[in-house]
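**Q** Hey, dropping entry.cif in here, mmCIF, C-alpha atoms:
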data_model
#
loop_
_atom_site.label_atom_id
_atom_site.label_comp_id
_atom_site.auth_asym_id
_atom_site.auth_seq_id
_atom_site.Cartn_x
_atom_site.Cartn_y
_atom_site.Cartn_z
CA MET A 169 205.97 128.64 82.31
CA THR A 170 204.51 130.35 85.37
CA THR A 171 203.56 128.84 88.67
CA LYS A 172 200.71 129.99 90.82
CA SER A 173 201.71 131.11 94.28
CA VAL A 174 199.25 129.88 96.87
CA GLN A 175 198.77 131.56 100.24
CA LEU A 176 197.54 129.06 102.81
CA ASN A 177 196.11 129.98 106.21
CA TRP A 178 196.77 127.72 109.22
CA ARG A 179 194.16 128.16 111.94
CA ARG A 180 192.12 126.43 114.62
CA LEU A 181 189.42 124.03 113.55
CA GLU A 182 185.97 125.53 114.05
CA GLU A 183 182.53 123.90 114.16
CA THR A 184 181.72 125.42 110.74
CA ASP A 185 184.75 123.60 109.23
CA ILE A 186 183.54 120.13 110.16
CA PRO A 187 181.54 119.41 106.97
CA ALA A 188 184.50 120.37 104.75
CA VAL A 189 187.01 118.52 106.95
CA SER A 190 184.80 115.42 106.98
CA MET A 191 184.51 115.50 103.19
CA LEU A 192 188.28 115.87 102.79
CA ASP A 193 188.84 113.10 105.34
CA HIS A 194 186.75 110.76 103.16
CA HIS A 195 189.18 111.45 100.29
CA CYS A 196 192.26 110.97 102.47
CA GLN A 197 191.51 108.05 104.78
CA GLY A 198 190.53 104.44 104.28
CA HIS A 199 188.39 104.61 107.40
CA PRO A 200 187.45 108.28 107.86
CA TRP A 201 186.45 109.91 111.09
CA THR A 202 182.86 110.89 111.69
CA PRO A 203 181.80 114.52 112.17
CA GLY A 204 181.33 113.56 115.83
CA ASN A 205 185.01 112.60 116.06
CA PHE A 206 185.99 116.07 114.90
CA ARG A 207 183.57 117.64 117.39
CA GLU A 208 185.30 115.65 120.14
CA GLU A 209 188.55 117.29 119.06
CA LEU A 210 186.98 120.72 119.53
CA ALA A 211 185.86 119.68 123.02
CA ARG A 212 189.46 118.92 124.08
CA GLY A 213 190.06 122.63 124.54
CA ASP A 214 193.64 123.49 125.46
CA PHE A 215 194.65 119.81 125.60
CA GLY A 216 193.87 119.36 121.92
CA TYR A 217 195.45 120.62 118.76
CA ALA A 218 192.87 120.70 115.97
CA ARG A 219 193.87 122.81 112.98
CA VAL A 220 192.91 123.33 109.37
CA LEU A 221 194.89 124.51 106.40
CA GLU A 222 192.77 126.78 104.25
CA GLU A 223 193.31 128.18 100.78
CA PRO A 224 191.45 131.48 100.31
CA GLY A 225 188.68 131.13 97.76
CA VAL A 226 189.01 127.34 97.81
CA GLY A 227 188.43 126.27 101.42
CA VAL A 228 189.94 123.60 103.63
CA VAL A 229 192.83 121.76 101.96
CA GLY A 230 194.33 120.12 105.03
CA TYR A 231 193.55 119.20 108.63
CA PHE A 232 195.38 117.93 111.68
CA CYS A 233 194.15 116.62 115.04
CA ALA A 234 196.30 115.66 118.02
CA TRP A 235 196.11 115.84 121.79
CA LEU A 236 198.28 115.74 124.86
CA VAL A 237 198.39 112.71 127.14
CA ALA A 238 200.64 113.54 130.09
CA ASP A 239 203.93 114.55 128.43
CA GLU A 240 203.15 112.95 125.07
CA LEU A 241 201.61 114.26 121.87
CA HIS A 242 199.29 111.70 120.31
CA ILE A 243 198.59 112.34 116.64
CA GLY A 244 195.06 111.24 115.81
CA THR A 245 194.67 112.14 112.15
CA LEU A 246 195.89 114.38 109.40
CA GLY A 247 195.11 114.81 105.76
CA VAL A 248 196.08 116.96 102.79
CA ASP A 249 194.08 117.45 99.60
CA PRO A 250 195.47 114.86 97.14
CA GLN A 251 196.17 117.62 94.59
CA LEU A 252 198.45 119.42 97.07
CA ARG A 253 200.46 116.46 98.36
CA ARG A 254 204.25 116.23 98.16
CA LYS A 255 204.65 119.97 98.71
CA GLY A 256 205.75 119.78 102.36
CA LEU A 257 202.33 120.61 103.84
CA GLY A 258 202.13 117.44 105.93
CA ILE A 259 205.63 117.93 107.32
CA GLY A 260 204.76 121.54 108.09
CA MET A 261 201.58 120.58 109.94
CA VAL A 262 203.34 117.94 112.04
CA SER A 263 206.27 120.26 112.79
CA GLN A 264 203.92 122.97 114.04
CA ALA A 265 202.14 120.45 116.25
CA HIS A 266 205.51 119.37 117.64
CA ASP A 267 206.29 123.00 118.55
CA TRP A 268 202.87 123.41 120.18
CA ALA A 269 203.37 120.22 122.21
CA LYS A 270 206.94 121.07 123.28
CA ASN A 271 205.72 124.46 124.52
CA ARG A 272 203.35 122.51 126.78
CA GLY A 273 206.01 120.17 128.16
CA ALA A 274 205.67 117.22 125.80
CA THR A 275 208.81 115.16 125.30
CA LEU A 276 207.48 112.46 122.95
CA ALA A 277 205.06 112.15 120.05
CA HIS A 278 203.41 108.96 118.87
CA LEU A 279 200.81 107.67 116.45
CA GLU A 280 199.50 104.62 114.67
CA VAL A 281 199.71 104.39 110.88
CA ARG A 282 198.46 101.74 108.51
CA ALA A 283 201.22 99.26 107.68
CA SER A 284 200.44 99.77 103.97
CA ASN A 285 200.63 103.59 104.09
CA GLU A 286 204.16 103.94 102.76
CA ALA A 287 203.79 107.67 102.02
CA ALA A 288 202.81 108.48 105.61
CA ILE A 289 205.51 106.23 107.04
CA ALA A 290 208.11 108.03 104.88
CA LEU A 291 206.79 111.44 105.95
CA TYR A 292 207.08 110.55 109.63
CA ALA A 293 210.55 109.04 109.14
CA LYS A 294 211.72 112.41 107.77
CA LEU A 295 210.59 113.95 111.06
CA GLY A 296 212.50 111.44 113.21
CA TYR A 297 209.76 108.91 113.94
CA ARG A 298 210.76 105.30 114.36
CA ARG A 299 208.69 102.14 114.53
CA VAL A 300 208.51 100.80 118.06
CA GLY A 301 205.73 98.26 117.69
CA ILE A 302 202.86 96.75 115.74
CA ARG A 303 199.20 96.88 116.69
CA THR A 304 197.80 93.71 115.18
CA SER A 305 194.46 94.03 113.36
CA TYR A 306 194.19 97.64 114.56
CA TYR A 307 191.97 98.99 111.77
CA VAL A 308 188.38 97.86 112.05
CA ASP A 309 187.48 98.43 108.40
CA ASN A 310 189.84 95.74 107.07
CA GLY A 311 191.79 94.29 110.02
CA GLU A 312 195.05 95.82 108.82
CA ASP A 313 197.93 96.13 111.26
CA ALA A 314 199.19 99.51 112.40
CA HIS A 315 202.76 100.54 112.95
CA LEU A 316 203.24 102.33 116.26
CA LEU A 317 205.63 105.21 115.61
CA LEU A 318 207.46 107.26 118.23
CA CYS A 319 209.46 110.49 118.04
CA ASN A 320 211.56 112.23 120.69
CA LEU A 321 210.56 115.90 120.75
CA VAL A 322 213.54 116.97 122.84
CA PRO A 323 217.11 115.93 122.16
CA GLU A 324 218.26 113.00 124.23
CA PRO A 325 221.18 113.80 126.50
CA SER A 326 224.46 112.69 125.01
CA GLY A 327 226.67 110.29 126.86
CA PRO A 328 229.81 111.27 128.76
CA SER A 329 232.58 112.79 126.66
CA ALA A 330 235.61 110.60 126.07
#
Translate the structure described by the file into structure tokens.
**A**
Amino acid sequence: MTTKSVQLNWRRLEETDIPAVSMLDHHCQGHPWTPGNFREELARGDFGYARVLEEPGVGVVGYFCAWLVADELHIGTLGVDPQLRRKGLGIGMVSQAHDWAKNRGATLAHLEVRASNEAAIALYAKLGYRRVGIRTSYYVDNGEDAHLLLCNLVPEPSGPSA
């Protein structure tokens, strides 16, 4: 049995990517963003981190949008083509965003995730996120609660040695 090696390109989101990202977002999210939401990410400039994962000959297979608020990275959305999930792509995208944010002075990262999205909650837990709150009826499409997750991007100082 042979496996196909796939070379994926990670790059900035561009205006021409928005139709493909929007289509993929409809497959990934219960309440997808509008094309205008993705354009807003482009308008963030250096304060935003909007990236796509592209497979040559196939197109966009993943996307990630986050932004800086003071010294915090706020993750807005991410998605991976359902056929490519569970291959570490989501963890890779979040890890790269963490590095980007730390290089700009961020010390924390946070996001909201649907309470029912066990796969996403597990992914973030692997990266050190912990639940710090609940946003009641956060999602407008169905009134579902969101878990507020937080991650320290820099190691916390250890206590005094004994």
**Q** Between atom CA of A:Pro224 and atom CA of A:Leu252, what is the distance, to one decimal in Å?
**A**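 Separating atom CA of A:Pro224 from atom CA of A:Leu252 is a distance of 14.3 Å.
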**Q** Pick from A:Val300, A:Val237, A:Ile259, A:Ala288: nearest to A:Arg272, with all atoms listed in the file counted?
**A**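 For A:Arg272, the nearest of the given residues is A:Val237.
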**Q** One decimal, in Å: what's the spacing between atom CA of A:Trp178 and atom CA of A:Glu223?
**A**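 Computing it gives 9.1 Å between the two atoms.
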**Q** Rank nothing, just name the residue among A:Gly273, A:Val228, A:Ala290, A:Ser190 nearest to A:Thr245, using only C-alpha atoms.
**A** A:Ser190
**Q** For atom CA of A:Ser284 and atom CA of A:His194, quote the distance in Å rounded to one decimal.
**A**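 These atoms are spaced 17.6 Å apart.
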**Q** Evaluate the PyMOL selection byres ((chain A and resi 280) around 7) on the structure here and hand back the selected residues as a PyMOL selection string.
**A** chain A and resi 279+281-282+314-317
**Q** Give me the result of the PyMOL selection byres ((chain A and resi 217) around 12) on this file, residue by residue, as a ChimeraX atom specification.
**A** /A:178-182,206,208-216,218-220,231-237,241-246,261-262,264-269,272
**Q** Can you work out which one of A:Leu276, A:Leu176, A:Met191, A:Leu257 has the shortest atom-to-atom distance to A:Val322, counting only C-alpha atoms?
**A**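 Result for the nearest residue to A:Val322: A:Leu276.
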**Q** Return as number ranges by chain the set of residues that the PyMOL selection byres ((chain A and resi 291-296) around 8) yields on the displayed structure.
**A** A: 258-259, 263, 287-290, 297-298, 319-320
**Q** As JSON, what would the box around stretch 285-298 of chain A look like: edges along x, y and z, 6 Å added on every side, centre and edge lengths in Å to one decimal?
**A**
{"center_x": 206.6, "center_y": 108.8, "center_z": 108.2, "size_x": 23.9, "size_y": 22.4, "size_z": 24.3}
**Q** Which is closer to A:Arg299 than all the others in A:His278, A:Pro323, A:Gly311, A:Gln197, using all atoms listed in the file?
**A**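 Under the stated criterion, the closest residue is A:His278.
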**Q** Using all atoms listed in the file, pick whichever of A:Glu324, A:Glu222, A:Asp193, A:Asp313 has the shortest atom-to-atom distance to A:Gly247.
**A** A:Asp193
**Q** Under the rule that all atoms listed in the file are counted, which of A:Ala238, A:Val226, A:Leu221, A:Val248 is the nearest residue to A:Leu192?
**A**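 When distances to A:Leu192 are compared using all atoms listed in the file, the smallest one comes from A:Val248.
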